[in-house]
$ cat target_36.txt   # compact mmCIF, C-alpha atoms and all ligand atoms
# COMPACT_ATOMS: atom_id res chain seq x y z
CA MET A 1 103.93 61.60 124.66
CA THR A 2 101.81 63.27 122.03
CA VAL A 3 101.34 61.99 118.51
CA ILE A 4 101.80 64.48 115.69
CA VAL A 5 100.94 63.58 112.14
CA CYS A 6 102.96 64.78 109.15
CA PRO A 7 100.56 66.76 106.95
CA LYS A 8 102.33 65.56 103.81
CA CYS A 9 102.78 61.80 104.23
CA ALA A 10 100.59 61.15 107.33
CA LYS A 11 103.49 59.50 109.23
CA LYS A 12 102.83 59.58 112.98
CA HIS A 13 105.57 60.76 115.31
CA ASN A 14 105.74 60.51 119.08
CA ILE A 15 106.86 63.72 120.63
CA SER A 16 107.45 64.69 124.23
CA ALA A 17 105.92 68.00 125.23
CA ASP A 18 108.27 68.21 128.25
CA ILE A 19 111.40 67.94 126.11
CA VAL A 20 110.13 70.51 123.61
CA LYS A 21 109.21 72.94 126.38
CA ARG A 22 112.64 72.49 128.01
CA LYS A 23 114.46 73.13 124.73
CA LEU A 24 112.24 75.99 123.58
CA PRO A 25 111.03 77.60 126.81
CA SER A 26 109.47 80.73 125.29
CA ALA A 27 108.36 79.50 121.84
CA LYS A 28 104.69 79.22 121.00
CA SER A 29 105.38 76.94 118.05
CA PHE A 30 108.22 75.22 116.27
CA ILE A 31 108.96 73.64 112.91
CA ALA A 32 109.01 69.85 112.96
CA LYS A 33 110.75 67.75 110.34
CA CYS A 34 109.13 64.51 109.27
CA LYS A 35 111.51 61.55 109.62
CA ALA A 36 109.87 59.76 106.71
CA CYS A 37 109.49 62.39 103.99
CA HIS A 38 111.60 65.25 105.44
CA ASN A 39 108.66 67.64 105.11
CA ARG A 40 108.90 70.58 107.53
CA PHE A 41 105.67 71.72 109.15
CA PRO A 42 104.69 73.99 112.03
CA VAL A 43 103.48 72.59 115.36
CA SER A 44 101.90 74.72 118.03
CA ILE A 45 103.25 74.09 121.55
CA ASP A 46 99.71 74.32 122.96
CA GLN A 47 98.77 71.30 120.92
CA LEU A 48 101.42 69.28 122.73
CA GLY A 49 99.97 69.99 126.14
CA GLU A 50 97.43 67.21 126.24
CA LYS A 51 98.75 63.72 126.65
CA GLU A 52 98.09 60.98 124.14
CA LYS A 53 96.16 63.27 121.89
CA ASN A 54 96.47 63.00 118.12
CA VAL A 55 97.35 66.37 116.71
CA THR A 56 96.83 66.94 113.02
CA VAL A 57 98.34 70.29 112.21
CA GLU A 58 97.08 70.33 108.65
CA PRO A 59 93.85 72.24 108.04
CA ASP A 60 91.37 69.91 106.39
CA ARG A 61 92.21 70.62 102.76
CA LYS A 62 89.92 70.03 99.83
CA ILE A 63 92.79 68.84 97.60
CA LYS A 64 94.84 66.28 99.53
CA ASN A 65 98.57 65.62 99.25
CA GLN A 66 99.25 68.15 96.51
CA PRO A 67 101.32 71.29 96.98
CA ALA A 68 99.27 74.50 97.05
CA ARG A 69 98.64 76.22 93.74
CA LYS A 70 100.61 79.43 93.96
CA LEU A 71 98.87 82.12 91.97
CA CYS A 72 100.18 85.68 91.85
CA ILE A 73 98.08 88.62 90.73
CA ALA A 74 100.37 91.03 88.97
CA LEU A 75 100.76 93.92 86.55
CA SER A 76 103.26 96.75 86.85
CA LYS A 77 100.45 99.30 86.61
CA GLY A 78 98.51 100.38 89.73
CA GLY A 79 94.72 100.71 90.04
CA VAL A 80 93.85 97.82 87.71
CA GLY A 81 92.14 95.62 90.32
CA LYS A 82 95.03 93.48 91.62
CA THR A 83 94.18 93.79 95.30
CA THR A 84 90.43 93.60 94.63
CA THR A 85 90.98 90.40 92.66
CA SER A 86 93.39 88.81 95.18
CA THR A 87 90.94 89.43 98.00
CA ASN A 88 87.69 88.51 96.28
CA LEU A 89 89.03 85.52 94.37
CA GLY A 90 90.62 84.29 97.61
CA ALA A 91 87.37 84.83 99.52
CA CYS A 92 85.38 83.07 96.81
CA LEU A 93 87.64 80.01 96.81
CA ALA A 94 87.41 79.92 100.61
CA LEU A 95 83.60 80.02 100.41
CA ALA A 96 83.78 77.06 98.04
CA GLY A 97 85.62 75.08 100.73
CA TYR A 98 89.24 75.46 99.56
CA LYS A 99 91.88 76.39 102.14
CA VAL A 100 93.29 79.70 100.98
CA LEU A 101 96.19 81.86 102.10
CA ILE A 102 96.48 85.40 100.71
CA VAL A 103 100.00 86.83 100.85
CA ASP A 104 100.17 90.61 100.55
CA THR A 105 103.56 91.68 99.16
CA ASP A 106 102.63 95.36 98.80
CA THR A 107 103.91 98.03 101.19
CA GLN A 108 100.41 99.54 101.07
CA GLY A 109 99.06 96.48 102.89
CA GLN A 110 95.59 96.94 101.40
CA VAL A 111 94.44 93.32 101.62
CA SER A 112 94.11 93.64 105.41
CA TYR A 113 91.96 96.72 104.92
CA LEU A 114 89.73 94.99 102.39
CA LEU A 115 89.24 92.10 104.81
CA GLY A 116 88.63 94.43 107.78
CA LYS A 117 91.74 93.31 109.69
CA LYS A 118 94.46 95.26 111.51
CA PRO A 119 97.39 92.87 111.75
CA LYS A 120 100.35 93.66 113.98
CA SER A 121 102.73 91.48 112.00
CA GLY A 122 102.92 89.77 108.65
CA LEU A 123 105.18 88.93 105.76
CA THR A 124 108.00 91.14 107.09
CA GLU A 125 108.32 89.09 110.26
CA LEU A 126 108.25 85.87 108.24
CA LEU A 127 111.00 87.06 105.88
CA THR A 128 113.17 88.32 108.73
CA ALA A 129 112.41 85.14 110.75
CA GLU A 130 111.49 87.30 113.75
CA LEU A 131 108.34 85.31 114.44
CA GLU A 132 107.16 81.78 113.79
CA PRO A 133 104.64 81.27 110.97
CA GLU A 134 101.93 80.34 113.48
CA GLU A 135 102.26 83.71 115.19
CA ILE A 136 101.98 85.70 111.99
CA LEU A 137 99.07 84.18 110.12
CA ILE A 138 95.70 85.78 110.59
CA LYS A 139 92.53 83.83 110.16
CA ALA A 140 90.42 86.31 108.21
CA ARG A 141 87.38 84.14 107.47
CA GLU A 142 86.41 80.48 107.50
CA ASN A 143 89.03 78.75 105.25
CA LEU A 144 90.80 82.06 104.56
CA TRP A 145 94.12 83.13 106.06
CA LEU A 146 96.19 86.26 105.55
CA LEU A 147 99.90 86.99 105.60
CA ALA A 148 99.76 90.76 105.74
CA GLY A 149 101.83 93.31 103.84
CA GLY A 150 102.54 96.88 104.91
CA LYS A 151 105.13 99.64 105.24
CA SER A 152 107.68 97.47 107.01
CA LEU A 153 108.22 95.51 103.78
CA ALA A 154 110.33 98.44 102.56
CA GLY A 155 113.01 97.43 105.10
CA VAL A 156 112.81 93.82 103.90
CA LYS A 157 113.57 94.94 100.37
CA ARG A 158 116.81 96.46 101.62
CA ILE A 159 117.70 93.20 103.38
CA ILE A 160 117.01 91.25 100.17
CA ASP A 161 119.14 93.76 98.25
CA ARG A 162 122.12 93.24 100.51
CA LYS A 163 122.10 89.45 100.09
CA SER A 164 125.07 88.43 98.02
CA PHE A 165 123.64 85.05 97.05
CA GLY A 166 120.20 83.68 96.13
CA ALA A 167 118.34 86.91 96.93
CA GLU A 168 115.54 86.09 94.47
CA TRP A 169 114.65 82.91 96.39
CA THR A 170 114.08 84.62 99.76
CA LEU A 171 110.28 84.46 99.61
CA HIS A 172 110.31 80.93 98.17
CA GLU A 173 112.43 79.69 101.09
CA ALA A 174 110.38 81.48 103.73
CA MET A 175 107.09 80.13 102.38
CA LYS A 176 108.13 76.46 102.48
CA PRO A 177 106.22 75.63 105.70
CA PHE A 178 102.95 76.52 103.93
CA GLU A 179 103.42 74.36 100.85
CA TYR A 180 101.08 71.55 101.93
CA ARG A 181 98.75 73.45 104.23
CA TYR A 182 96.63 75.27 101.66
CA ASP A 183 94.88 74.50 98.40
CA PHE A 184 95.62 77.97 97.05
CA ILE A 185 98.21 80.57 97.95
CA ILE A 186 97.28 83.86 96.31
CA ILE A 187 99.93 86.55 96.18
CA ASP A 188 98.93 90.18 95.78
CA THR A 189 101.69 92.32 94.32
CA ALA A 190 102.66 95.97 94.23
CA PRO A 191 102.80 97.97 91.01
CA GLY A 192 106.24 98.39 89.45
CA TRP A 193 109.22 96.06 89.51
CA ASP A 194 111.50 95.60 92.47
CA GLN A 195 113.32 92.88 94.42
CA LEU A 196 110.11 91.73 96.05
CA SER A 197 108.23 91.35 92.76
CA VAL A 198 111.15 89.32 91.38
CA ASN A 199 110.91 87.19 94.53
CA VAL A 200 107.19 86.69 93.86
CA PHE A 201 107.91 85.34 90.37
CA PHE A 202 110.51 82.98 91.82
CA TYR A 203 107.84 81.66 94.20
CA ALA A 204 104.54 81.65 92.30
CA THR A 205 103.86 79.10 89.59
CA GLU A 206 100.87 80.80 87.96
CA VAL A 207 100.31 84.43 87.02
CA LEU A 208 96.97 86.20 86.69
CA VAL A 209 97.16 89.63 85.07
CA PRO A 210 94.25 92.02 85.61
CA VAL A 211 93.87 94.51 82.77
CA ALA A 212 91.66 97.55 83.30
CA LEU A 213 89.50 98.17 80.26
CA GLU A 214 89.26 101.83 81.18
CA PHE A 215 92.46 103.20 79.72
CA MET A 216 94.54 101.98 76.79
CA PRO A 217 96.14 99.03 78.53
CA LEU A 218 97.76 97.08 75.72
CA GLN A 219 101.20 98.64 75.82
CA GLY A 220 101.52 98.20 79.60
CA LEU A 221 100.44 94.57 79.24
CA SER A 222 102.93 93.72 76.52
CA GLU A 223 105.76 95.40 78.46
CA PHE A 224 104.80 93.42 81.54
CA LEU A 225 104.71 90.16 79.58
CA LYS A 226 108.15 90.94 78.18
CA SER A 227 109.54 91.39 81.70
CA LEU A 228 107.83 88.16 82.78
CA GLY A 229 109.49 86.46 79.81
CA SER A 230 112.91 87.62 81.07
CA ILE A 231 112.17 86.10 84.48
CA GLN A 232 111.05 82.85 82.87
CA ARG A 233 114.48 82.41 81.35
CA TYR A 234 115.75 81.92 84.91
CA ARG A 235 112.64 80.37 86.45
CA ARG A 236 110.83 77.99 84.18
CA ASP A 237 108.14 76.98 86.69
CA VAL A 238 106.25 80.26 86.48
CA GLU A 239 103.70 80.67 83.71
CA LEU A 240 101.11 83.14 82.57
CA LYS A 241 97.72 81.50 83.11
CA TYR A 242 95.02 84.18 83.04
CA ILE A 243 94.44 87.64 81.64
CA LEU A 244 91.48 89.11 83.49
CA PRO A 245 89.79 92.19 82.02
CA THR A 246 88.46 94.44 84.80
CA PHE A 247 86.25 97.55 84.91
CA MET A 248 84.06 96.29 82.05
CA ASP A 249 81.30 98.79 81.33
CA ALA A 250 79.00 97.44 78.65
CA ARG A 251 77.30 100.84 78.20
CA VAL A 252 80.46 102.34 76.75
CA LYS A 253 82.05 101.34 73.46
CA GLY A 254 85.72 101.75 74.48
CA PRO A 255 85.96 98.86 76.98
CA GLN A 256 84.17 96.48 74.59
CA GLU A 257 86.65 97.31 71.85
CA ILE A 258 89.66 96.81 74.13
CA PHE A 259 88.18 93.50 75.31
CA ALA A 260 87.70 92.34 71.72
CA LYS A 261 91.32 93.23 70.95
CA LEU A 262 92.58 91.37 74.04
CA LYS A 263 90.55 88.30 73.04
CA GLN A 264 92.10 88.41 69.62
CA LEU A 265 95.67 88.86 70.91
CA TYR A 266 95.59 86.45 73.88
CA PRO A 267 92.80 83.93 73.21
CA GLU A 268 94.30 81.18 75.37
CA TYR A 269 94.57 83.33 78.51
CA ILE A 270 91.58 85.62 78.39
CA CYS A 271 88.91 85.31 81.11
CA LYS A 272 85.36 86.63 81.26
CA PRO A 273 85.64 90.29 82.36
CA ILE A 274 84.84 91.62 85.82
CA ARG A 275 82.19 94.27 85.36
CA TYR A 276 82.41 97.76 86.81
CA SER A 277 80.50 97.85 90.09
CA GLU A 278 80.05 100.65 92.63
CA SER A 279 79.77 98.00 95.33
CA ILE A 280 83.36 96.89 94.71
CA SER A 281 84.67 100.32 95.64
CA GLU A 282 82.27 100.68 98.60
CA ALA A 283 82.85 97.26 100.22
CA PRO A 284 86.42 97.92 101.53
CA SER A 285 85.37 100.75 103.85
CA PHE A 286 83.12 98.20 105.59
CA GLY A 287 85.93 95.62 105.69
CA LYS A 288 83.74 93.28 103.68
CA THR A 289 84.33 91.14 100.63
CA ILE A 290 81.97 91.58 97.70
CA PHE A 291 80.21 88.35 98.71
CA GLU A 292 79.43 89.78 102.13
CA PHE A 293 78.67 93.33 101.01
CA ALA A 294 76.69 92.82 97.79
CA PRO A 295 76.40 89.11 96.98
CA GLY A 296 73.87 89.78 94.24
CA CYS A 297 75.88 92.39 92.29
CA ASN A 298 77.42 91.87 88.86
CA ALA A 299 81.01 91.86 90.07
CA SER A 300 80.17 89.23 92.68
CA ALA A 301 78.82 86.96 89.92
CA ASP A 302 81.93 87.67 87.84
CA TYR A 303 84.34 86.74 90.63
CA ARG A 304 82.37 83.50 91.13
CA GLU A 305 82.80 82.81 87.44
CA LEU A 306 86.53 83.45 87.76
CA ALA A 307 86.73 80.99 90.69
CA ARG A 308 85.04 78.36 88.50
CA LYS A 309 87.58 78.94 85.76
CA VAL A 310 90.55 78.81 88.13
CA THR A 311 89.36 75.60 89.84
CA LEU A 312 88.12 74.09 86.56
CA ASP A 313 84.99 73.25 88.51
CA ASP A 314 81.82 74.36 86.72
CA SER A 315 79.65 72.91 89.42
CA LEU A 316 81.28 75.01 92.15
CA LEU A 317 78.40 75.66 94.52
CA LEU A 318 78.43 79.31 95.44
N1 LIG A 401 85.19 95.97 89.05
C1 LIG A 401 85.37 97.12 89.71
N2 LIG A 401 84.39 98.05 89.71
C2 LIG A 401 84.54 99.24 90.36
N3 LIG A 401 85.63 99.59 91.06
C3 LIG A 401 86.66 98.70 91.11
C4 LIG A 401 86.59 97.43 90.43
N4 LIG A 401 87.75 96.77 90.67
C5 LIG A 401 88.50 97.59 91.44
N5 LIG A 401 87.86 98.74 91.71
C6 LIG A 401 88.34 99.89 92.51
O1 LIG A 401 89.47 100.44 91.82
C7 LIG A 401 90.46 100.84 92.75
C8 LIG A 401 91.78 100.16 92.43
O2 LIG A 401 91.63 98.76 92.63
P1 LIG A 401 92.78 97.89 93.32
O3 LIG A 401 92.27 96.51 93.41
O4 LIG A 401 93.24 98.53 94.58
O5 LIG A 401 93.91 98.00 92.21
P2 LIG A 401 95.49 97.67 92.31
O6 LIG A 401 95.68 96.70 93.45
O7 LIG A 401 95.82 97.08 90.97
O8 LIG A 401 96.19 98.97 92.53
C9 LIG A 401 89.93 100.51 94.14
O9 LIG A 401 89.35 101.66 94.69
C10 LIG A 401 88.86 99.47 93.88
O10 LIG A 401 87.83 99.50 94.84
MG MG A 402 96.97 96.83 95.10
$ encode --input "target_36.txt" --output "structure tokens"
Amino acid sequence: MTVIVCPKCAKKHNISADIVKRKLPSAKSFIAKCKACHNRFPVSIDQLGEKEKNVTVEPDRKIKNQPARKLCIALSKGGVGKTTTSTNLGACLALAGYKVLIVDTDTQGQVSYLLGKKPKSGLTELLTAELEPEEILIKARENLWLLAGGKSLAGVKRIIDRKSFGAEWTLHEAMKPFEYRYDFIIIDTAPGWDQLSVNVFFYATEVLVPVALEFMPLQGLSEFLKSLGSIQRYRRDVELKYILPTFMDARVKGPQEIFAKLKQLYPEYICKPIRYSESISEAPSFGKTIFEFAPGCNASADYRELARKVTLDDSLLL
């Protein structure tokens, strides 16, 4: 017998590796259901091999017994810094000791590229239930995991489309096993609106909107917020939390003026801007985060500041 511990309520369960292996001869992992709190959580078959060993499946989280904060980075417009923010905010929180999962819901699959990874599977296989969660997750860095996006998500959109019932909850349902395993789940989104973005807003609870200060962004932002408002009529748990100005260039007047206007229009959501930095656009081709590639640059300091705001922890040691 092996003892497995429910990551949610810490109830210990005796489990027989022989029985599991007989019932699931080719599986590498399975989803266990806690008898006490009914939480479902993944267990790796390898962990059952050793007799009388306590197996705690939960990574050692910084925030105990709370569901993960589910933060999506979204704006219908492309090129505003969504993927850059998902990756670098995620990396920064991981450096601060939080357990972080980045979920890439874009067919471009850029988060893997930014983290220097070439995953064979990802969100598609989770949504189609082809593989177990344990087989899909990629450990990208210490404390940082990735559920990769990519071209195959286009097929998933068609599957979601064909569902006659509850299509908008597909991602929410599939992500349940991860609810208590991470402190933060950060969801990178594609530009535009489609079935998958609707699914993201039925899963995430917080929205961060990056707004590029380079071009007139206000109309795009207000249209996006209107669409988010329509979603909120059906899903009340999702709320706008942060508006993050990006591409701030203090040498030019335009961005400063747009920033001032944003501050005036959305004072409760506005964050300190991320400054324009060459290093941000160079880092991805080395597969490095900004903290690995240019830890001393402006944008690196700005993403640290954002992590402090998101965690409400001014003393975050980074
Ligand atoms: N603060 C910044 N300074 C300079 N370049 C940036 C900055 N933020 C993002 N970029 C670059 O802008 C481009 C678009 O950013 P990206 O994060 O991919 O946007 P999105 O995901 O919204 O399409 C990328 O080449 C990225 O490296
Ligand atoms: Mg992107």
$ residues_around --input "target_36.txt" --residues "segment 92-106 of chain A" --least-positions-apart "6" --cutoff "6 Å" --atoms "all atoms listed in the file" --output "NGL selection string"
:A and (61-62 or 143-149 or 182-190)
$ residues_around --input "target_36.txt" --residues "segment 257-272 of chain A" --least-positions-apart "2" --cutoff "12 Å" --atoms "all atoms listed in the file" --output "JSON, numbers by chain"
{"A": [206, 207, 208, 209, 210, 211, 212, 213, 214, 215, 216, 217, 218, 219, 221, 222, 225, 239, 240, 241, 242, 243, 244, 245, 246, 247, 248, 249, 250, 251, 252, 253, 254, 255, 274, 275, 299, 301, 302, 303, 304, 305, 306, 307, 308, 309, 310]}
$ write_last_selection --input "target_36.txt" --atoms "C-alpha atoms" --output "short mmCIF file (atom, residue, chain, number, x, y, z; two decimals), keeping the file's coordinate frame"
data_model
loop_
_atom_site.label_atom_id
_atom_site.label_comp_id
_atom_site.auth_asym_id
_atom_site.auth_seq_id
_atom_site.Cartn_x
_atom_site.Cartn_y
_atom_site.Cartn_z
CA GLU A 206 100.87 80.80 87.96
CA VAL A 207 100.31 84.43 87.02
CA LEU A 208 96.97 86.20 86.69
CA VAL A 209 97.16 89.63 85.07
CA PRO A 210 94.25 92.02 85.61
CA VAL A 211 93.87 94.51 82.77
CA ALA A 212 91.66 97.55 83.30
CA LEU A 213 89.50 98.17 80.26
CA GLU A 214 89.26 101.83 81.18
CA PHE A 215 92.46 103.20 79.72
CA MET A 216 94.54 101.98 76.79
CA PRO A 217 96.14 99.03 78.53
CA LEU A 218 97.76 97.08 75.72
CA GLN A 219 101.20 98.64 75.82
CA LEU A 221 100.44 94.57 79.24
CA SER A 222 102.93 93.72 76.52
CA LEU A 225 104.71 90.16 79.58
CA GLU A 239 103.70 80.67 83.71
CA LEU A 240 101.11 83.14 82.57
CA LYS A 241 97.72 81.50 83.11
CA TYR A 242 95.02 84.18 83.04
CA ILE A 243 94.44 87.64 81.64
CA LEU A 244 91.48 89.11 83.49
CA PRO A 245 89.79 92.19 82.02
CA THR A 246 88.46 94.44 84.80
CA PHE A 247 86.25 97.55 84.91
CA MET A 248 84.06 96.29 82.05
CA ASP A 249 81.30 98.79 81.33
CA ALA A 250 79.00 97.44 78.65
CA ARG A 251 77.30 100.84 78.20
CA VAL A 252 80.46 102.34 76.75
CA LYS A 253 82.05 101.34 73.46
CA GLY A 254 85.72 101.75 74.48
CA PRO A 255 85.96 98.86 76.98
CA ILE A 274 84.84 91.62 85.82
CA ARG A 275 82.19 94.27 85.36
CA ALA A 299 81.01 91.86 90.07
CA ALA A 301 78.82 86.96 89.92
CA ASP A 302 81.93 87.67 87.84
CA TYR A 303 84.34 86.74 90.63
CA ARG A 304 82.37 83.50 91.13
CA GLU A 305 82.80 82.81 87.44
CA LEU A 306 86.53 83.45 87.76
CA ALA A 307 86.73 80.99 90.69
CA ARG A 308 85.04 78.36 88.50
CA LYS A 309 87.58 78.94 85.76
CA VAL A 310 90.55 78.81 88.13
#
$ residues_near_ligand --input "target_36.txt" --ligand "ligand LIG 401 (chain A)" --cutoff "6 Å" --atoms "all atoms listed in the file" --output "list in words"
Gly78, Gly79, Val80, Gly81, Lys82, Thr83, Thr84, Thr246, Phe247, Ile274, Arg275, Tyr276, Ser277, Glu278, Ile280, Ser281 and Ala299 of chain A
$ atom_distance --input "target_36.txt" --atom1 "atom CA of Ser279 of chain A" --atom2 "atom CA of Ala294 of chain A"
6.5 Å
$ axis_aligned_box --input "target_36.txt" --around "segment 79-89 of chain A" --padding-each-side "4 Å" --output "lines of an AutoDock Vina configuration file"
center_x = 91.4
center_y = 93.1
center_z = 92.9
size_x = 15.3
size_y = 23.2
size_z = 18.3
$ residues_around --input "target_36.txt" --residues "Lys151 of chain A" --least-positions-apart "3" --cutoff "12 Å" --atoms "only C-alpha atoms" --output "VMD selection string"
chain A and resid 104 to 110 120 to 124 148 154 to 157 190
$ write_last_selection --input "target_36.txt" --atoms "C-alpha atoms" --output "PDB file, keeping the file's coordinate frame"
ATOM      1  CA  ASP A 104     100.170  90.610 100.550  1.00  0.00           C
ATOM      2  CA  THR A 105     103.560  91.680  99.160  1.00  0.00           C
ATOM      3  CA  ASP A 106     102.630  95.360  98.800  1.00  0.00           C
ATOM      4  CA  THR A 107     103.910  98.030 101.190  1.00  0.00           C
ATOM      5  CA  GLN A 108     100.410  99.540 101.070  1.00  0.00           C
ATOM      6  CA  GLY A 109      99.060  96.480 102.890  1.00  0.00           C
ATOM      7  CA  GLN A 110      95.590  96.940 101.400  1.00  0.00           C
ATOM      8  CA  LYS A 120     100.350  93.660 113.980  1.00  0.00           C
ATOM      9  CA  SER A 121     102.730  91.480 112.000  1.00  0.00           C
ATOM     10  CA  GLY A 122     102.920  89.770 108.650  1.00  0.00           C
ATOM     11  CA  LEU A 123     105.180  88.930 105.760  1.00  0.00           C
ATOM     12  CA  THR A 124     108.000  91.140 107.090  1.00  0.00           C
ATOM     13  CA  ALA A 148      99.760  90.760 105.740  1.00  0.00           C
ATOM     14  CA  ALA A 154     110.330  98.440 102.560  1.00  0.00           C
ATOM     15  CA  GLY A 155     113.010  97.430 105.100  1.00  0.00           C
ATOM     16  CA  VAL A 156     112.810  93.820 103.900  1.00  0.00           C
ATOM     17  CA  LYS A 157     113.570  94.940 100.370  1.00  0.00           C
ATOM     18  CA  ALA A 190     102.660  95.970  94.230  1.00  0.00           C
TER      19      ALA A 190
END
$ closest_residue --input "target_36.txt" --among "A:Leu71, A:Thr170, A:Ala10, A:Lys139" --to "Val238 of chain A" --atoms "all atoms listed in the file"
A:Leu71
$ residues_around --input "target_36.txt" --residues "Ile160 of chain A" --least-positions-apart "4" --cutoff "12 Å" --atoms "only C-alpha atoms" --output "list in words"
Thr124, Leu127, Thr128, Leu153, Ala154, Gly155, Val156, Ser164, Phe165, Gly166, Ala167, Glu168, Trp169, Thr170, Leu171, Asp194, Gln195, Leu196, Ser197, Val198 and Asn199 of chain A
$ closest_residue --input "target_36.txt" --among "A:Lys70, A:Lys77, A:Arg236, A:Arg181" --to "ligand MG 402 (chain A)" --atoms "all atoms listed in the file"
A:Lys77
$ atom_distance --input "target_36.txt" --atom1 "atom CA of Phe286 of chain A" --atom2 "atom CA of Lys118 of chain A"
13.1 Å
$ closest_residue --input "target_36.txt" --among "A:Ile73, A:Leu137, A:Ile231, A:Leu312" --to "ligand MG 402 (chain A)" --atoms "only C-alpha atoms and all ligand atoms"
A:Ile73
$ residues_around --input "target_36.txt" --residues "segment 22-39 of chain A" --least-positions-apart "4" --cutoff "8 Å" --atoms "all atoms listed in the file" --output "ChimeraX atom specification"
/A:6,8-9,11,13,18,43-46,132,134-135,177
$ closest_residue --input "target_36.txt" --among "A:Thr2, A:Tyr113, A:Pro191, A:Ala129" --to "ligand MG 402 (chain A)" --atoms "only C-alpha atoms and all ligand atoms"
A:Pro191
$ atom_distance --input "target_36.txt" --atom1 "atom CA of Pro42 of chain A" --atom2 "atom CA of Ile19 of chain A"
16.7 Å
$ closest_residue --input "target_36.txt" --among "A:Asn14, A:Ala91, A:Glu179, A:Arg69" --to "Phe291 of chain A" --atoms "all atoms listed in the file"
A:Ala91
$ closest_residue --input "target_36.txt" --among "A:Thr289, A:Thr85, A:Ser16, A:Thr311" --to "ligand MG 402 (chain A)" --atoms "all atoms listed in the file"
A:Thr85
